[in-house]
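Here's query_2.cif, which has mmCIF, C-alpha atoms:
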data_target
loop_
_atom_site.label_atom_id
_atom_site.label_comp_id
_atom_site.auth_asym_id
_atom_site.auth_seq_id
_atom_site.Cartn_x
_atom_site.Cartn_y
_atom_site.Cartn_z
CA MET R 1 0.00 0.00 0.00
CA LYS R 2 1.85 3.03 -1.30
CA LEU R 3 0.17 5.44 1.12
CA LEU R 4 1.42 3.37 4.06
CA GLU R 5 4.94 2.93 2.63
CA LYS R 6 5.20 6.68 2.13
CA ARG R 7 4.14 7.29 5.71
CA ILE R 8 6.68 4.78 7.02
CA VAL R 9 9.43 6.58 5.08
CA LEU R 10 8.21 9.95 6.34
CA ASP R 11 7.51 9.20 10.00
CA GLY R 12 8.96 5.77 10.85
CA GLN R 13 12.16 5.63 12.88
CA VAL R 14 14.63 2.82 12.30
CA LEU R 15 16.24 1.72 15.58
CA GLY R 16 19.26 -0.54 15.07
CA ASP R 17 18.86 -3.23 12.43
CA GLN R 18 15.66 -4.86 13.71
CA VAL R 19 13.20 -2.30 15.00
CA LEU R 20 10.91 0.14 13.21
CA LYS R 21 9.16 2.64 15.43
CA VAL R 22 5.84 3.92 14.09
CA ASP R 23 4.43 5.37 17.27
CA SER R 24 3.36 8.63 15.63
CA PHE R 25 0.60 7.01 13.53
CA LEU R 26 0.03 3.37 14.54
CA THR R 27 1.26 2.04 17.88
CA HIS R 28 0.75 4.98 20.26
CA GLN R 29 -0.58 8.06 18.49
CA VAL R 30 -3.10 6.91 15.88
CA ASP R 31 -3.86 8.60 12.56
CA TYR R 32 -7.51 7.71 11.97
CA GLU R 33 -7.36 8.65 8.28
CA LEU R 34 -4.52 6.26 7.57
CA MET R 35 -6.11 3.55 9.76
CA LYS R 36 -9.36 3.93 7.86
CA ALA R 37 -7.58 3.62 4.52
CA ILE R 38 -5.80 0.51 5.84
CA GLY R 39 -9.05 -1.03 7.08
CA GLN R 40 -10.69 -0.34 3.73
CA ARG R 41 -7.78 -1.92 1.90
CA PHE R 42 -8.09 -5.12 3.94
CA ALA R 43 -11.81 -5.12 3.18
CA GLN R 44 -11.10 -4.65 -0.53
CA VAL R 45 -8.78 -7.67 -0.59
CA TYR R 46 -11.18 -9.91 1.39
CA LYS R 47 -14.52 -8.59 0.15
CA ASP R 48 -15.48 -11.78 -1.73
CA GLN R 49 -14.47 -14.18 1.05
CA ASP R 50 -17.61 -14.01 3.20
CA ILE R 51 -15.77 -12.81 6.29
CA THR R 52 -18.01 -13.00 9.37
CA LYS R 53 -15.65 -11.58 11.97
CA VAL R 54 -12.42 -9.60 12.29
CA VAL R 55 -10.15 -10.73 15.14
CA THR R 56 -7.12 -8.88 16.49
CA ILE R 57 -5.13 -8.64 19.71
CA GLU R 58 -4.98 -5.66 22.05
CA ALA R 59 -3.87 -2.92 21.73
CA SER R 60 -2.25 -1.63 18.50
CA GLY R 61 -4.24 -4.01 16.28
CA ILE R 62 -7.56 -2.50 17.37
CA ALA R 63 -7.61 0.61 15.16
CA PRO R 64 -6.90 -1.09 11.80
CA ALA R 65 -9.11 -4.06 12.77
CA LEU R 66 -12.00 -1.78 13.70
CA TYR R 67 -11.94 0.00 10.36
CA ALA R 68 -11.60 -3.32 8.51
CA ALA R 69 -14.65 -4.58 10.42
CA GLU R 70 -16.56 -1.42 9.54
CA ALA R 71 -15.66 -1.73 5.84
CA LEU R 72 -16.67 -5.42 5.84
CA GLY R 73 -19.81 -4.81 7.94
CA VAL R 74 -18.94 -7.42 10.60
CA PRO R 75 -18.10 -7.35 14.34
CA MET R 76 -14.53 -7.04 15.57
CA VAL R 77 -13.20 -9.05 18.51
CA PHE R 78 -9.95 -8.24 20.26
CA ALA R 79 -8.15 -10.99 22.13
CA LYS R 80 -7.07 -10.08 25.66
CA LYS R 81 -3.62 -10.35 27.14
CA SER R 82 -4.79 -10.53 30.75
CA LYS R 83 -7.79 -11.95 32.48
CA ASN R 84 -10.17 -9.68 34.39
CA ILE R 85 -12.83 -10.50 36.94
CA THR R 86 -15.70 -10.18 34.45
CA MET R 87 -14.27 -12.94 32.22
CA ASN R 88 -16.20 -15.70 33.94
CA GLU R 89 -17.06 -17.84 30.94
CA GLU R 90 -15.47 -20.52 28.84
CA LEU R 91 -12.31 -19.12 27.29
CA LEU R 92 -10.19 -20.01 24.30
CA THR R 93 -6.60 -19.49 25.50
CA THR R 94 -3.04 -19.86 24.30
CA GLU R 95 0.43 -18.57 25.16
CA VAL R 96 2.11 -15.87 23.07
CA PHE R 97 5.69 -14.65 23.48
CA SER R 98 6.35 -11.02 22.57
CA PHE R 99 9.91 -10.31 21.45
CA THR R 100 9.26 -6.56 21.71
CA LYS R 101 8.07 -6.69 25.31
CA GLN R 102 10.09 -9.80 26.26
CA VAL R 103 7.17 -11.41 28.05
CA THR R 104 4.92 -14.42 27.55
CA SER R 105 1.23 -13.55 27.77
CA THR R 106 -1.80 -15.75 28.05
CA VAL R 107 -4.01 -14.58 25.21
CA SER R 108 -7.71 -15.33 25.37
CA ILE R 109 -11.04 -14.87 23.65
CA SER R 110 -14.39 -15.74 25.19
CA ARG R 111 -15.64 -18.90 23.51
CA LYS R 112 -19.05 -17.38 22.81
CA PHE R 113 -17.64 -14.83 20.34
CA ILE R 114 -16.22 -17.35 17.86
CA SER R 115 -18.42 -20.13 16.53
CA SER R 116 -17.62 -22.98 14.16
CA GLU R 117 -19.62 -21.09 11.52
CA ASP R 118 -17.20 -18.16 11.57
CA ASN R 119 -14.86 -17.24 8.75
CA VAL R 120 -12.31 -14.96 10.35
CA LEU R 121 -9.99 -12.28 9.06
CA ILE R 122 -7.12 -11.87 11.54
CA ILE R 123 -5.59 -8.38 11.64
CA ASP R 124 -2.44 -7.28 13.42
CA ASP R 125 -0.21 -4.23 13.35
CA PHE R 126 3.14 -6.03 13.01
CA LEU R 127 4.33 -9.40 11.74
CA ALA R 128 7.82 -10.25 12.93
CA ASN R 129 8.23 -13.69 14.46
CA GLY R 130 4.59 -14.53 13.88
CA GLN R 131 3.83 -15.48 17.47
CA ALA R 132 0.78 -13.23 17.89
CA ALA R 133 -0.75 -14.28 14.56
CA LEU R 134 -0.10 -17.97 15.29
CA GLY R 135 -1.68 -17.53 18.71
CA LEU R 136 -4.81 -15.98 17.22
CA GLU R 137 -4.99 -18.72 14.58
CA GLU R 138 -4.75 -21.29 17.37
CA LEU R 139 -7.67 -19.69 19.25
CA ILE R 140 -9.82 -19.64 16.12
CA LYS R 141 -8.96 -23.26 15.37
CA GLN R 142 -9.92 -24.19 18.97
CA ALA R 143 -13.36 -22.75 18.20
CA GLY R 144 -13.61 -24.88 15.04
CA ALA R 145 -13.79 -21.74 12.87
CA GLN R 146 -12.01 -20.94 9.59
CA VAL R 147 -9.22 -18.42 9.11
CA ALA R 148 -9.70 -16.72 5.73
CA GLY R 149 -6.46 -14.80 5.98
CA ILE R 150 -4.11 -12.72 8.06
CA GLY R 151 -3.96 -9.01 7.34
CA ILE R 152 -0.79 -7.32 8.54
CA VAL R 153 -0.10 -3.60 8.53
CA ILE R 154 3.72 -3.86 8.61
CA GLU R 155 5.68 -7.06 8.00
CA LYS R 156 9.36 -7.38 8.85
CA SER R 157 10.09 -9.80 6.03
CA PHE R 158 13.60 -10.55 7.30
CA GLN R 159 12.12 -12.29 10.34
CA THR R 160 10.57 -15.74 10.38
CA GLY R 161 6.86 -14.97 10.87
CA ARG R 162 5.66 -14.85 7.28
CA GLN R 163 7.20 -18.19 6.37
CA LEU R 164 5.83 -19.84 9.51
CA LEU R 165 2.31 -18.71 8.59
CA ILE R 166 2.64 -19.71 4.93
CA ASP R 167 4.00 -23.12 5.95
CA LYS R 168 0.75 -23.62 7.88
CA GLY R 169 -1.19 -22.97 4.68
CA LEU R 170 -2.34 -19.53 5.81
CA THR R 171 -2.86 -16.57 3.47
CA VAL R 172 -0.89 -13.48 4.50
CA THR R 173 -1.78 -9.99 3.27
CA SER R 174 0.87 -7.50 4.37
CA LEU R 175 0.30 -3.90 3.30
CA ALA R 176 3.96 -2.96 3.82
CA ARG R 177 6.80 -5.48 3.70
CA ILE R 178 10.21 -4.51 4.97
CA GLU R 179 12.99 -6.43 3.28
CA LYS R 180 15.72 -4.84 5.36
CA PHE R 181 17.02 -1.70 6.99
CA GLU R 182 19.98 -0.15 5.19
CA SER R 183 21.89 2.79 6.69
CA GLY R 184 18.86 3.63 8.80
CA LYS R 185 16.52 3.56 5.77
CA VAL R 186 13.73 1.13 5.02
CA VAL R 187 14.01 -1.08 1.93
CA PHE R 188 10.60 -2.48 0.96
CA ALA R 189 9.70 -5.82 -0.63
CA PRO R 190 6.60 -5.80 -2.90
CA ALA R 191 3.47 -5.56 -0.74
CA ASP R 192 0.79 -8.27 -0.97
CA ASP R 193 -1.87 -5.73 -1.93
CA ALA R 194 0.22 -4.00 -4.62
CA VAL R 195 -2.37 -4.87 -7.29
CA TRP R 196 -4.92 -2.66 -5.48
CA ASP R 197 -2.75 0.48 -5.44
CA MET Y 1 -27.57 8.41 24.84
CA LYS Y 2 -30.73 6.42 24.34
CA LEU Y 3 -29.18 4.10 21.73
CA LEU Y 4 -26.48 3.09 24.22
CA GLU Y 5 -28.90 2.69 27.14
CA LYS Y 6 -31.07 0.42 25.01
CA ARG Y 7 -28.09 -1.68 24.08
CA ILE Y 8 -27.02 -1.99 27.73
CA VAL Y 9 -30.52 -3.20 28.63
CA LEU Y 10 -30.53 -5.63 25.70
CA ASP Y 11 -27.01 -7.06 25.91
CA GLY Y 12 -25.43 -5.99 29.21
CA GLN Y 13 -25.14 -8.57 31.98
CA VAL Y 14 -25.39 -7.50 35.59
CA LEU Y 15 -23.00 -9.50 37.80
CA GLY Y 16 -23.68 -9.07 41.50
CA ASP Y 17 -24.39 -5.51 42.64
CA GLN Y 18 -21.29 -3.81 41.22
CA VAL Y 19 -20.36 -5.17 37.81
CA LEU Y 20 -21.90 -4.65 34.39
CA LYS Y 21 -20.51 -6.85 31.65
CA VAL Y 22 -20.71 -5.39 28.15
CA ASP Y 23 -18.26 -7.65 26.41
CA SER Y 24 -20.56 -8.29 23.44
CA PHE Y 25 -20.31 -4.73 22.11
CA LEU Y 26 -17.64 -2.71 23.97
CA THR Y 27 -14.96 -4.44 26.01
CA HIS Y 28 -14.18 -7.58 24.00
CA GLN Y 29 -16.37 -7.92 20.92
CA VAL Y 30 -16.83 -4.44 19.44
CA ASP Y 31 -19.87 -3.17 17.54
CA TYR Y 32 -18.37 -0.60 15.18
CA GLU Y 33 -21.76 0.99 14.42
CA LEU Y 34 -22.46 1.72 18.07
CA MET Y 35 -18.86 2.85 18.65
CA LYS Y 36 -19.14 5.21 15.70
CA ALA Y 37 -22.39 6.68 17.03
CA ILE Y 38 -20.72 7.09 20.44
CA GLY Y 39 -17.67 8.79 18.92
CA GLN Y 40 -19.91 11.12 16.94
CA ARG Y 41 -21.89 11.97 20.06
CA PHE Y 42 -18.73 12.96 21.95
CA ALA Y 43 -17.73 15.08 18.95
CA GLN Y 44 -21.16 16.73 18.92
CA VAL Y 45 -20.86 17.69 22.59
CA TYR Y 46 -17.27 19.01 22.25
CA LYS Y 47 -17.39 20.40 18.70
CA ASP Y 48 -17.04 24.07 19.75
CA GLN Y 49 -14.22 23.47 22.24
CA ASP Y 50 -11.26 23.45 19.83
CA ILE Y 51 -10.16 19.95 20.80
CA THR Y 52 -6.69 19.19 19.39
CA LYS Y 53 -6.29 15.61 20.60
CA VAL Y 54 -8.30 12.69 21.94
CA VAL Y 55 -6.53 10.67 24.65
CA THR Y 56 -7.59 7.28 26.00
CA ILE Y 57 -6.01 4.26 27.67
CA GLU Y 58 -5.57 0.82 26.15
CA ALA Y 59 -7.51 -1.25 25.33
CA SER Y 60 -11.31 -0.86 25.55
CA GLY Y 61 -11.16 2.92 25.27
CA ILE Y 62 -9.56 2.78 21.83
CA ALA Y 63 -12.66 2.13 19.69
CA PRO Y 64 -14.84 4.98 21.03
CA ALA Y 65 -11.81 7.30 21.20
CA LEU Y 66 -10.86 6.54 17.59
CA TYR Y 67 -14.31 7.40 16.28
CA ALA Y 68 -14.42 10.54 18.44
CA ALA Y 69 -11.06 11.55 16.97
CA GLU Y 70 -12.36 10.89 13.45
CA ALA Y 71 -15.49 12.95 14.06
CA LEU Y 72 -13.42 15.81 15.53
CA GLY Y 73 -10.71 15.53 12.85
CA VAL Y 74 -7.82 15.21 15.34
CA PRO Y 75 -5.27 12.51 16.26
CA MET Y 76 -5.97 9.95 18.97
CA VAL Y 77 -3.33 8.87 21.49
CA PHE Y 78 -3.70 5.81 23.69
CA ALA Y 79 -1.77 5.66 26.94
CA LYS Y 80 0.14 2.43 27.50
CA LYS Y 81 -0.04 0.15 30.50
CA SER Y 82 3.38 -1.41 29.97
CA LYS Y 83 6.65 -0.21 28.59
CA ASN Y 84 8.16 -1.80 25.51
CA ILE Y 85 11.66 -1.64 24.11
CA THR Y 86 10.79 0.96 21.48
CA MET Y 87 9.66 3.49 24.10
CA ASN Y 88 13.05 5.11 24.42
CA GLU Y 89 12.02 8.73 24.81
CA GLU Y 90 10.88 11.04 27.53
CA LEU Y 91 7.68 9.66 29.06
CA LEU Y 92 4.84 11.12 31.03
CA THR Y 93 4.02 8.45 33.63
CA THR Y 94 1.72 7.84 36.56
CA GLU Y 95 0.33 4.92 38.57
CA VAL Y 96 -3.24 3.67 38.08
CA PHE Y 97 -4.99 1.02 40.16
CA SER Y 98 -7.61 -1.07 38.39
CA PHE Y 99 -10.34 -2.44 40.66
CA THR Y 100 -11.52 -4.75 37.86
CA LYS Y 101 -8.12 -6.32 37.28
CA GLN Y 102 -6.86 -5.81 40.86
CA VAL Y 103 -3.48 -4.55 39.68
CA THR Y 104 -1.56 -1.27 39.74
CA SER Y 105 -0.20 -0.32 36.33
CA THR Y 106 2.30 2.30 35.30
CA VAL Y 107 0.49 4.25 32.62
CA SER Y 108 2.52 6.30 30.19
CA ILE Y 109 2.39 8.54 27.16
CA SER Y 110 5.42 9.68 25.16
CA ARG Y 111 6.05 13.32 26.00
CA LYS Y 112 6.26 14.28 22.33
CA PHE Y 113 2.59 13.49 21.68
CA ILE Y 114 1.16 16.02 24.15
CA SER Y 115 2.28 19.63 24.03
CA SER Y 116 1.37 22.58 26.20
CA GLU Y 117 -0.71 23.86 23.25
CA ASP Y 118 -3.02 20.84 23.37
CA ASN Y 119 -6.64 20.94 24.44
CA VAL Y 120 -7.48 17.32 25.16
CA LEU Y 121 -10.69 15.33 25.24
CA ILE Y 122 -10.15 12.26 27.44
CA ILE Y 123 -12.28 9.25 26.51
CA ASP Y 124 -12.71 6.02 28.46
CA ASP Y 125 -15.08 3.07 28.34
CA PHE Y 126 -15.98 2.99 32.04
CA LEU Y 127 -15.97 5.42 34.93
CA ALA Y 128 -16.16 3.68 38.31
CA ASN Y 129 -13.59 4.81 40.86
CA GLY Y 130 -12.12 7.33 38.46
CA GLN Y 131 -8.54 6.09 38.74
CA ALA Y 132 -7.92 5.73 34.99
CA ALA Y 133 -9.42 9.14 34.16
CA LEU Y 134 -7.48 10.80 37.00
CA GLY Y 135 -4.30 9.12 35.76
CA LEU Y 136 -4.84 10.44 32.23
CA GLU Y 137 -5.61 13.91 33.55
CA GLU Y 138 -2.37 13.77 35.55
CA LEU Y 139 -0.36 12.88 32.41
CA ILE Y 140 -1.93 15.73 30.44
CA LYS Y 141 -1.27 18.16 33.28
CA GLN Y 142 2.39 16.99 33.38
CA ALA Y 143 2.61 18.06 29.73
CA GLY Y 144 1.18 21.48 30.57
CA ALA Y 145 -1.84 20.87 28.37
CA GLN Y 146 -5.54 21.56 29.00
CA VAL Y 147 -8.24 18.95 29.62
CA ALA Y 148 -11.45 20.14 27.92
CA GLY Y 149 -13.50 17.29 29.31
CA ILE Y 150 -13.79 13.60 30.05
CA GLY Y 151 -16.08 11.56 27.83
CA ILE Y 152 -17.23 8.31 29.39
CA VAL Y 153 -19.21 5.58 27.66
CA ILE Y 154 -20.66 3.99 30.82
CA GLU Y 155 -20.54 5.57 34.27
CA LYS Y 156 -21.30 3.63 37.43
CA SER Y 157 -22.75 6.60 39.26
CA PHE Y 158 -22.93 4.73 42.58
CA GLN Y 159 -19.13 4.67 42.73
CA THR Y 160 -16.89 7.60 43.63
CA GLY Y 161 -15.27 8.45 40.29
CA ARG Y 162 -17.63 11.10 38.98
CA GLN Y 163 -17.51 13.14 42.18
CA LEU Y 164 -13.71 12.91 42.35
CA LEU Y 165 -13.44 14.32 38.82
CA ILE Y 166 -16.02 17.06 39.39
CA ASP Y 167 -14.28 18.05 42.64
CA LYS Y 168 -11.15 18.65 40.54
CA GLY Y 169 -13.12 21.06 38.36
CA LEU Y 170 -13.27 18.63 35.43
CA THR Y 171 -16.22 18.37 33.03
CA VAL Y 172 -17.63 14.85 32.77
CA THR Y 173 -19.78 13.73 29.84
CA SER Y 174 -21.14 10.24 30.49
CA LEU Y 175 -23.36 8.80 27.74
CA ALA Y 176 -24.92 6.24 30.07
CA ARG Y 177 -25.09 6.69 33.83
CA ILE Y 178 -25.99 3.75 36.03
CA GLU Y 179 -27.67 4.80 39.25
CA LYS Y 180 -27.90 1.26 40.59
CA PHE Y 181 -28.57 -2.37 39.82
CA GLU Y 182 -31.95 -3.59 41.05
CA SER Y 183 -32.90 -7.29 40.87
CA GLY Y 184 -30.31 -7.78 38.14
CA LYS Y 185 -31.66 -4.83 36.09
CA VAL Y 186 -29.97 -1.53 35.33
CA VAL Y 187 -31.53 1.69 36.67
CA PHE Y 188 -30.22 4.72 34.77
CA ALA Y 189 -29.59 8.26 35.99
CA PRO Y 190 -30.06 11.02 33.37
CA ALA Y 191 -27.15 10.94 30.93
CA ASP Y 192 -24.97 14.04 30.46
CA ASP Y 193 -25.72 14.16 26.73
CA ALA Y 194 -29.50 13.75 27.10
CA VAL Y 195 -30.09 17.12 25.40
CA TRP Y 196 -28.57 15.69 22.18
CA ASP Y 197 -30.88 12.66 21.97
#

For the file at hand, write its structure as structure tokens.
Amino acid sequence: MKLLEKRIVLDGQVLGDQVLKVDSFLTHQVDYELMKAIGQRFAQVYKDQDITKVVTIEASGIAPALYAAEALGVPMVFAKKSKNITMNEELLTTEVFSFTKQVTSTVSISRKFISSEDNVLIIDDFLANGQAALGLEELIKQAGAQVAGIGIVIEKSFQTGRQLLIDKGLTVTSLARIEKFESGKVVFAPADDAVWD
Amino acid sequence: MKLLEKRIVLDGQVLGDQVLKVDSFLTHQVDYELMKAIGQRFAQVYKDQDITKVVTIEASGIAPALYAAEALGVPMVFAKKSKNITMNEELLTTEVFSFTKQVTSTVSISRKFISSEDNVLIIDDFLANGQAALGLEELIKQAGAQVAGIGIVIEKSFQTGRQLLIDKGLTVTSLARIEKFESGKVVFAPADDAVWD
């Protein structure tokens, strides 16, 4: 997605050779216009796939997932990283390790929000090692539902996540794919939605 | 907001005499149509106040805050409950105790996203003891910015939060105000936006 790539070049900060910081429009401060365009792009790619639900994980996935849900006309569900006292029902749960935060979280979704009839579009802000996306796929599989695809805002293509997901037979739609960082600049690989630009 | 009150009656679950569970449209599964109407209502109430930024706290505040930001045409910032390795800049931080999760979190916003020129609308999903809203107000005050008001989706008026905020001279706009739970049913107090219904 050219609009997103341009914004990454303009406002992203490369930290070392692994980390891209996009806290001015995605992970901390949120640009609703860009998020809306991103959500609409996911909807464009998946519009003929009879998506019944968009699933993401708190917190940075919520904005793009919400706009994707709006554009597809379906509910959005965000998986939780901690349990609270009102979660008193049957839960789908799995463990997810975050390399960014260096912690393992128990990720959960209430069983009642995913049924075996569901055809789910998973959305997340970043794809790096694929642990969050694999965790969400595991929860959806536990519910007996289908995963139509995994929509990623920014993929770090030099990490292992994409291949792990593809090896599981999953469809990955990354709107920006980072091949590498070179002298503090981002070098992009062709995005999965390039045909829609 | 009548639309919200109706939805609470229809889909909210009263647990004991303190807790209202609204995980089917707000805190876990998210109804984008209702969230959009809520965001637009906040924007309607604050449209003449020159709001420059909407601030919320992850994760359930994000959806209503995002649509409020869209309707007001300003960026949204969500405060973080944990630090990650890319937060390497000057932070505004404070401690917030969550009665629902029974934990104290360090809540933070990167200093660069709130300036002394900002006039902020705080948005949160629930107001109970007021700790989250007070924490956000503290962060905004640390930045030397103004708080124009605090927009709350659901207020539990029988808890102390509203009074604490009003005693600090803050304006509170709660779209649904719960006076009490009676035989498992919700009894509403007049909402702060009733004039807009």

Which of these residues is nearest to Met35 (chain R), using all atoms listed in the file: Y:Pro75, Y:Gly149, Y:Gly130, Y:Gly169? Y:Pro75

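Of note, CA of Val19 (chain R) and CA of Thr160 (chain R) are spaced 14.5 Å apart.
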
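Residues within 10 Å of Leu170 (chain R), counting all atoms listed in the file and excluding same-chain residues fewer than 3 positions away, are Leu134, Glu137, Val147, Ala148, Gly149, Ile150, Arg162, Gln163, Leu164, Leu165, Ile166, Asp167 and Thr173 of chain R.
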
With all atoms of region 74-77 of chain R from the file as input, state the centre and edge lengths in Å to one decimal of the axis-aligned box that has 3 Å extra on each side, as JSON.
{"center_x": -16.1, "center_y": -8.0, "center_z": 14.6, "size_x": 11.7, "size_y": 8.0, "size_z": 13.9}

Selection in question (the file shown): the PyMOL selection byres ((chain R and resi 158) around 7). Which residues does it include, as a count of residues only? 6

Pick out the residues sitting within 9 Å of Arg177 (chain Y), and hand them over as a PyMOL selection string; count all atoms listed in the file, and ignore anything fewer than 5 positions along from it in its own chain. chain Y and resi 5+153-157+187-192

Can you tell me, as a ChimeraX atom specification, what residues are no more than 10 Å from region 100-117 of chain Y when counting all atoms listed in the file, ignoring any on the same chain fewer than 6 positions away? /R:23-24,28-29,82-86 /Y:19,52-53,55,57-58,75-83,87-94,128,132,135-136,139-146

What does the file look like for those residues with C-alpha atoms, as a PDB file, in the frame of the given file?
ATOM      1  CA  ASP R  23       4.430   5.370  17.270  1.00  0.00           C
ATOM      2  CA  SER R  24       3.360   8.630  15.630  1.00  0.00           C
ATOM      3  CA  HIS R  28       0.750   4.980  20.260  1.00  0.00           C
ATOM      4  CA  GLN R  29      -0.580   8.060  18.490  1.00  0.00           C
ATOM      5  CA  SER R  82      -4.790 -10.530  30.750  1.00  0.00           C
ATOM      6  CA  LYS R  83      -7.790 -11.950  32.480  1.00  0.00           C
ATOM      7  CA  ASN R  84     -10.170  -9.680  34.390  1.00  0.00           C
ATOM      8  CA  ILE R  85     -12.830 -10.500  36.940  1.00  0.00           C
ATOM      9  CA  THR R  86     -15.700 -10.180  34.450  1.00  0.00           C
TER      10      THR R  86
ATOM     11  CA  VAL Y  19     -20.360  -5.170  37.810  1.00  0.00           C
ATOM     12  CA  THR Y  52      -6.690  19.190  19.390  1.00  0.00           C
ATOM     13  CA  LYS Y  53      -6.290  15.610  20.600  1.00  0.00           C
ATOM     14  CA  VAL Y  55      -6.530  10.670  24.650  1.00  0.00           C
ATOM     15  CA  ILE Y  57      -6.010   4.260  27.670  1.00  0.00           C
ATOM     16  CA  GLU Y  58      -5.570   0.820  26.150  1.00  0.00           C
ATOM     17  CA  PRO Y  75      -5.270  12.510  16.260  1.00  0.00           C
ATOM     18  CA  MET Y  76      -5.970   9.950  18.970  1.00  0.00           C
ATOM     19  CA  VAL Y  77      -3.330   8.870  21.490  1.00  0.00           C
ATOM     20  CA  PHE Y  78      -3.700   5.810  23.690  1.00  0.00           C
ATOM     21  CA  ALA Y  79      -1.770   5.660  26.940  1.00  0.00           C
ATOM     22  CA  LYS Y  80       0.140   2.430  27.500  1.00  0.00           C
ATOM     23  CA  LYS Y  81      -0.040   0.150  30.500  1.00  0.00           C
ATOM     24  CA  SER Y  82       3.380  -1.410  29.970  1.00  0.00           C
ATOM     25  CA  LYS Y  83       6.650  -0.210  28.590  1.00  0.00           C
ATOM     26  CA  MET Y  87       9.660   3.490  24.100  1.00  0.00           C
ATOM     27  CA  ASN Y  88      13.050   5.110  24.420  1.00  0.00           C
ATOM     28  CA  GLU Y  89      12.020   8.730  24.810  1.00  0.00           C
ATOM     29  CA  GLU Y  90      10.880  11.040  27.530  1.00  0.00           C
ATOM     30  CA  LEU Y  91       7.680   9.660  29.060  1.00  0.00           C
ATOM     31  CA  LEU Y  92       4.840  11.120  31.030  1.00  0.00           C
ATOM     32  CA  THR Y  93       4.020   8.450  33.630  1.00  0.00           C
ATOM     33  CA  THR Y  94       1.720   7.840  36.560  1.00  0.00           C
ATOM     34  CA  ALA Y 128     -16.160   3.680  38.310  1.00  0.00           C
ATOM     35  CA  ALA Y 132      -7.920   5.730  34.990  1.00  0.00           C
ATOM     36  CA  GLY Y 135      -4.300   9.120  35.760  1.00  0.00           C
ATOM     37  CA  LEU Y 136      -4.840  10.440  32.230  1.00  0.00           C
ATOM     38  CA  LEU Y 139      -0.360  12.880  32.410  1.00  0.00           C
ATOM     39  CA  ILE Y 140      -1.930  15.730  30.440  1.00  0.00           C
ATOM     40  CA  LYS Y 141      -1.270  18.160  33.280  1.00  0.00           C
ATOM     41  CA  GLN Y 142       2.390  16.990  33.380  1.00  0.00           C
ATOM     42  CA  ALA Y 143       2.610  18.060  29.730  1.00  0.00           C
ATOM     43  CA  GLY Y 144       1.180  21.480  30.570  1.00  0.00           C
ATOM     44  CA  ALA Y 145      -1.840  20.870  28.370  1.00  0.00           C
ATOM     45  CA  GLN Y 146      -5.540  21.560  29.000  1.00  0.00           C
TER      46      GLN Y 146
END

Given all atoms listed in the file as the basis, pick out the residue of Y:Phe99, Y:Phe42, Y:Phe181, Y:Phe126 nearest to chain R.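 Counting all atoms listed in the file, the residue closest to chain R is Y:Phe99.
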